[in-house]
Amino acid sequence: MTSKFILRRTSEVLRNSLPPKHEHVVFCKMTETQIQAYNKLLRDSDLLKAMRSQALSLSLITKLKKICNHPSLGDRNKDVVEKENKVTKEFFQLSGKIHFLQIFMKQLRKSTDRVVLVSNYTQTLDLLENLCTMNKYPFLRLDGSTNTSSRQELVNRFNDPRSDSFVFLLSSKAGGCGLNLIGGNHLFLFDPDWNPAIDEQAMARI
């Protein structure tokens with residue numbers, strides 16, 4: 001019935017005009033430091049109480065997800081996180097995910113490829129931003145704090161073939177449906193969302 005007055009177009013329209021997209025799921029083992037932080041949180045949390053409360057259990061799972069990104073993100077002391085956030089390569093090697101990402105991006109940097117890094121959490125984006133700064137990777141960043149009027153400008157700068165930006169840091173919650181990062185040809189979905197539609201939208205950015 002709706003087809004009489006609604007025009008719907010999906011990505012299928014472009015399938016024949018674009019190169020094939022390849023998706024890979026990479027399982028990164030946690031480091032010993034991550035495992036210790038993970039188990040410590042489980043021991044310190046009142047699990048029985050959490051199981052009786054949906055809000056508490058979801059909060060606990062979110063904290064565990066953050067530790068899987070980097071052990072420092074499980075620390076509730078923000079000052080400690082920010083202090084550790086500014087250290088060296090050894091700090092980033094405390095995370096299995098980031099250690100893998102560093103190796104991959106080092107190889108990509110040798111080519112003309114460009115990368116979009118997506119995360120649900122601004123704390124993780126802060127870590128990835130510091131990683132880019134440490135490796136001297138030119139980057140742009142768009143998250144919930146980015147001024148609405150400057151968002152399209154950031155997208156245009158990244159999509160410009162003459163741009164020197166190697167990395168685009170993106171919050172999966174920002175941008176809406178119209179954000180197309182055609183300047184990138186590799187996308188790392190650093191952590192999954194509760195809603196798989198958010199992940200699908202993020203992966204369709206490039």
# chains A, B, ... in the order shown; residues from 1 in each chain; ligands from 1
$ residues_around --residues "A:Ile98" --least-positions-apart "4" --cutoff "9 Å" --atoms "only C-alpha atoms" --output "list in words"
Asn69, His70, Phe92, Gln93, Leu94, Gln102, Ile103, Leu128 and Leu131 of chain A
$ write_last_selection --atoms "N, CA, C and O atoms" --output "compact mmCIF listing (two decimals), in the first residue's frame"
# COMPACT_ATOMS: atom_id res chain seq x y z
N ASN A 69 38.01 -3.00 25.76
CA ASN A 69 38.65 -2.00 24.90
C ASN A 69 40.03 -1.63 25.43
O ASN A 69 41.00 -1.57 24.68
N HIS A 70 40.10 -1.37 26.74
CA HIS A 70 41.38 -1.07 27.40
C HIS A 70 41.17 -1.16 28.91
O HIS A 70 40.15 -0.68 29.42
N PHE A 92 49.36 1.36 25.37
CA PHE A 92 48.39 0.88 24.37
C PHE A 92 48.49 -0.63 24.18
O PHE A 92 47.52 -1.27 23.78
N GLN A 93 49.66 -1.21 24.47
CA GLN A 93 49.82 -2.65 24.33
C GLN A 93 49.16 -3.42 25.47
O GLN A 93 49.13 -4.65 25.45
N LEU A 94 48.59 -2.70 26.46
CA LEU A 94 47.82 -3.35 27.51
C LEU A 94 46.47 -3.83 26.99
O LEU A 94 45.75 -4.54 27.68
N GLN A 102 47.03 -1.23 16.04
CA GLN A 102 48.29 -0.55 15.73
C GLN A 102 49.04 -1.25 14.60
O GLN A 102 49.55 -0.59 13.68
N ILE A 103 49.10 -2.57 14.66
CA ILE A 103 49.80 -3.34 13.63
C ILE A 103 49.13 -3.15 12.27
O ILE A 103 49.80 -2.92 11.25
N LEU A 128 41.91 6.35 21.25
CA LEU A 128 42.29 6.21 19.84
C LEU A 128 42.86 7.51 19.29
O LEU A 128 43.76 7.50 18.44
N LEU A 131 46.33 7.62 20.41
CA LEU A 131 47.10 6.67 19.60
C LEU A 131 47.51 7.31 18.27
O LEU A 131 48.65 7.18 17.84
$ residues_around --residues "A:Asn120" --least-positions-apart "4" --cutoff "12 Å" --atoms "only C-alpha atoms" --output "list in words"
Thr62, Lys65, Lys66, Asn69, Thr124, Leu125, Asp126, Leu142, Asp143, Gly144, Leu169, Leu170, Ser171, Ser172, Lys173, Ala174, Leu189, Phe190, Asp191, Pro192, Asp193, Trp194, Asn195, Ile198, Asp199 and Ala202 of chain A
$ residues_around --residues "stretch 9-18 of chain A" --least-positions-apart "5" --cutoff "12 Å" --atoms "only C-alpha atoms" --output "list in words"
Ser3, Ile182, Asn185, Glu200, Gln201, Ala204, Arg205 and Ile206 of chain A
$ select_by_dssp --residues "stretch 36-144 of chain A" --states "strand (DSSP E or B)" --output "MDAnalysis selection string"
chainID A and resid 115:119 139:142
$ write_last_selection --atoms "all heavy atoms" --output "PDB file, in the first residue's frame"
ATOM      1  N   VAL A 115      41.223   5.320   6.928  1.00  0.00           N
ATOM      2  CA  VAL A 115      40.575   4.496   7.942  1.00  0.00           C
ATOM      3  C   VAL A 115      39.516   5.280   8.711  1.00  0.00           C
ATOM      4  O   VAL A 115      39.722   6.441   9.070  1.00  0.00           O
ATOM      5  CB  VAL A 115      41.630   3.966   8.941  1.00  0.00           C
ATOM      6  CG1 VAL A 115      40.981   3.148  10.040  1.00  0.00           C
ATOM      7  CG2 VAL A 115      42.695   3.157   8.215  1.00  0.00           C
ATOM      8  N   VAL A 116      38.380   4.620   8.972  1.00  0.00           N
ATOM      9  CA  VAL A 116      37.359   5.158   9.875  1.00  0.00           C
ATOM     10  C   VAL A 116      37.337   4.264  11.115  1.00  0.00           C
ATOM     11  O   VAL A 116      37.190   3.045  11.000  1.00  0.00           O
ATOM     12  CB  VAL A 116      35.966   5.176   9.210  1.00  0.00           C
ATOM     13  CG1 VAL A 116      34.914   5.690  10.191  1.00  0.00           C
ATOM     14  CG2 VAL A 116      35.981   6.042   7.953  1.00  0.00           C
ATOM     15  N   LEU A 117      37.512   4.868  12.293  1.00  0.00           N
ATOM     16  CA  LEU A 117      37.466   4.135  13.557  1.00  0.00           C
ATOM     17  C   LEU A 117      36.188   4.504  14.290  1.00  0.00           C
ATOM     18  O   LEU A 117      35.955   5.682  14.585  1.00  0.00           O
ATOM     19  CB  LEU A 117      38.673   4.476  14.438  1.00  0.00           C
ATOM     20  CG  LEU A 117      40.064   4.152  13.879  1.00  0.00           C
ATOM     21  CD1 LEU A 117      41.135   4.532  14.893  1.00  0.00           C
ATOM     22  CD2 LEU A 117      40.175   2.683  13.523  1.00  0.00           C
ATOM     23  N   VAL A 118      35.347   3.511  14.594  1.00  0.00           N
ATOM     24  CA  VAL A 118      34.035   3.754  15.201  1.00  0.00           C
ATOM     25  C   VAL A 118      33.980   3.131  16.585  1.00  0.00           C
ATOM     26  O   VAL A 118      34.353   1.968  16.773  1.00  0.00           O
ATOM     27  CB  VAL A 118      32.902   3.159  14.336  1.00  0.00           C
ATOM     28  CG1 VAL A 118      31.543   3.484  14.934  1.00  0.00           C
ATOM     29  CG2 VAL A 118      32.979   3.694  12.905  1.00  0.00           C
ATOM     30  N   SER A 119      33.494   3.904  17.560  1.00  0.00           N
ATOM     31  CA  SER A 119      33.280   3.375  18.902  1.00  0.00           C
ATOM     32  C   SER A 119      32.011   3.974  19.501  1.00  0.00           C
ATOM     33  O   SER A 119      31.585   5.064  19.119  1.00  0.00           O
ATOM     34  CB  SER A 119      34.477   3.687  19.805  1.00  0.00           C
ATOM     35  OG  SER A 119      34.216   3.265  21.142  1.00  0.00           O
ATOM     36  N   PHE A 139      44.291  13.138  11.704  1.00  0.00           N
ATOM     37  CA  PHE A 139      42.951  12.601  11.969  1.00  0.00           C
ATOM     38  C   PHE A 139      41.927  13.726  12.102  1.00  0.00           C
ATOM     39  O   PHE A 139      42.255  14.882  12.352  1.00  0.00           O
ATOM     40  CB  PHE A 139      42.958  11.752  13.238  1.00  0.00           C
ATOM     41  CG  PHE A 139      43.195  12.539  14.502  1.00  0.00           C
ATOM     42  CD1 PHE A 139      42.128  13.089  15.209  1.00  0.00           C
ATOM     43  CD2 PHE A 139      44.481  12.744  14.985  1.00  0.00           C
ATOM     44  CE1 PHE A 139      42.341  13.822  16.366  1.00  0.00           C
ATOM     45  CE2 PHE A 139      44.705  13.470  16.140  1.00  0.00           C
ATOM     46  CZ  PHE A 139      43.628  14.011  16.835  1.00  0.00           C
ATOM     47  N   LEU A 140      40.671  13.326  11.942  1.00  0.00           N
ATOM     48  CA  LEU A 140      39.514  14.178  12.220  1.00  0.00           C
ATOM     49  C   LEU A 140      38.629  13.415  13.185  1.00  0.00           C
ATOM     50  O   LEU A 140      38.668  12.186  13.229  1.00  0.00           O
ATOM     51  CB  LEU A 140      38.748  14.510  10.933  1.00  0.00           C
ATOM     52  CG  LEU A 140      39.521  15.284   9.861  1.00  0.00           C
ATOM     53  CD1 LEU A 140      38.752  15.279   8.545  1.00  0.00           C
ATOM     54  CD2 LEU A 140      39.801  16.705  10.312  1.00  0.00           C
ATOM     55  N   ARG A 141      37.804  14.137  13.940  1.00  0.00           N
ATOM     56  CA  ARG A 141      36.948  13.467  14.929  1.00  0.00           C
ATOM     57  C   ARG A 141      35.547  14.075  14.935  1.00  0.00           C
ATOM     58  O   ARG A 141      35.385  15.296  14.924  1.00  0.00           O
ATOM     59  CB  ARG A 141      37.567  13.573  16.322  1.00  0.00           C
ATOM     60  CG  ARG A 141      36.681  12.993  17.424  1.00  0.00           C
ATOM     61  CD  ARG A 141      37.414  12.890  18.730  1.00  0.00           C
ATOM     62  NE  ARG A 141      36.521  12.522  19.831  1.00  0.00           N
ATOM     63  CZ  ARG A 141      36.925  12.161  21.045  1.00  0.00           C
ATOM     64  NH1 ARG A 141      38.227  12.110  21.318  1.00  0.00           N
ATOM     65  NH2 ARG A 141      36.060  11.847  21.984  1.00  0.00           N
ATOM     66  N   LEU A 142      34.549  13.191  14.972  1.00  0.00           N
ATOM     67  CA  LEU A 142      33.154  13.624  15.051  1.00  0.00           C
ATOM     68  C   LEU A 142      32.447  12.783  16.108  1.00  0.00           C
ATOM     69  O   LEU A 142      32.380  11.559  15.990  1.00  0.00           O
ATOM     70  CB  LEU A 142      32.469  13.468  13.688  1.00  0.00           C
ATOM     71  CG  LEU A 142      31.116  14.150  13.483  1.00  0.00           C
ATOM     72  CD1 LEU A 142      30.836  14.362  11.996  1.00  0.00           C
ATOM     73  CD2 LEU A 142      29.969  13.373  14.103  1.00  0.00           C
TER      74      LEU A 142
END
$ closest_residue --among "A:Met1, A:Leu41, A:Val155, A:Leu7" --to "A:Leu64" --atoms "only C-alpha atoms"
A:Leu41
$ residues_around --residues "A:Ile67" --least-positions-apart "3" --cutoff "10 Å" --atoms "only C-alpha atoms" --output "list in words"
Met30, Thr33, Gln34, Ile35, Gln36, Ala37, Tyr38, Leu41, Ile61, Thr62, Lys63, Leu64, His70, Pro71, Ser72, Leu73, Gly74, Asp75 and Ser95 of chain A
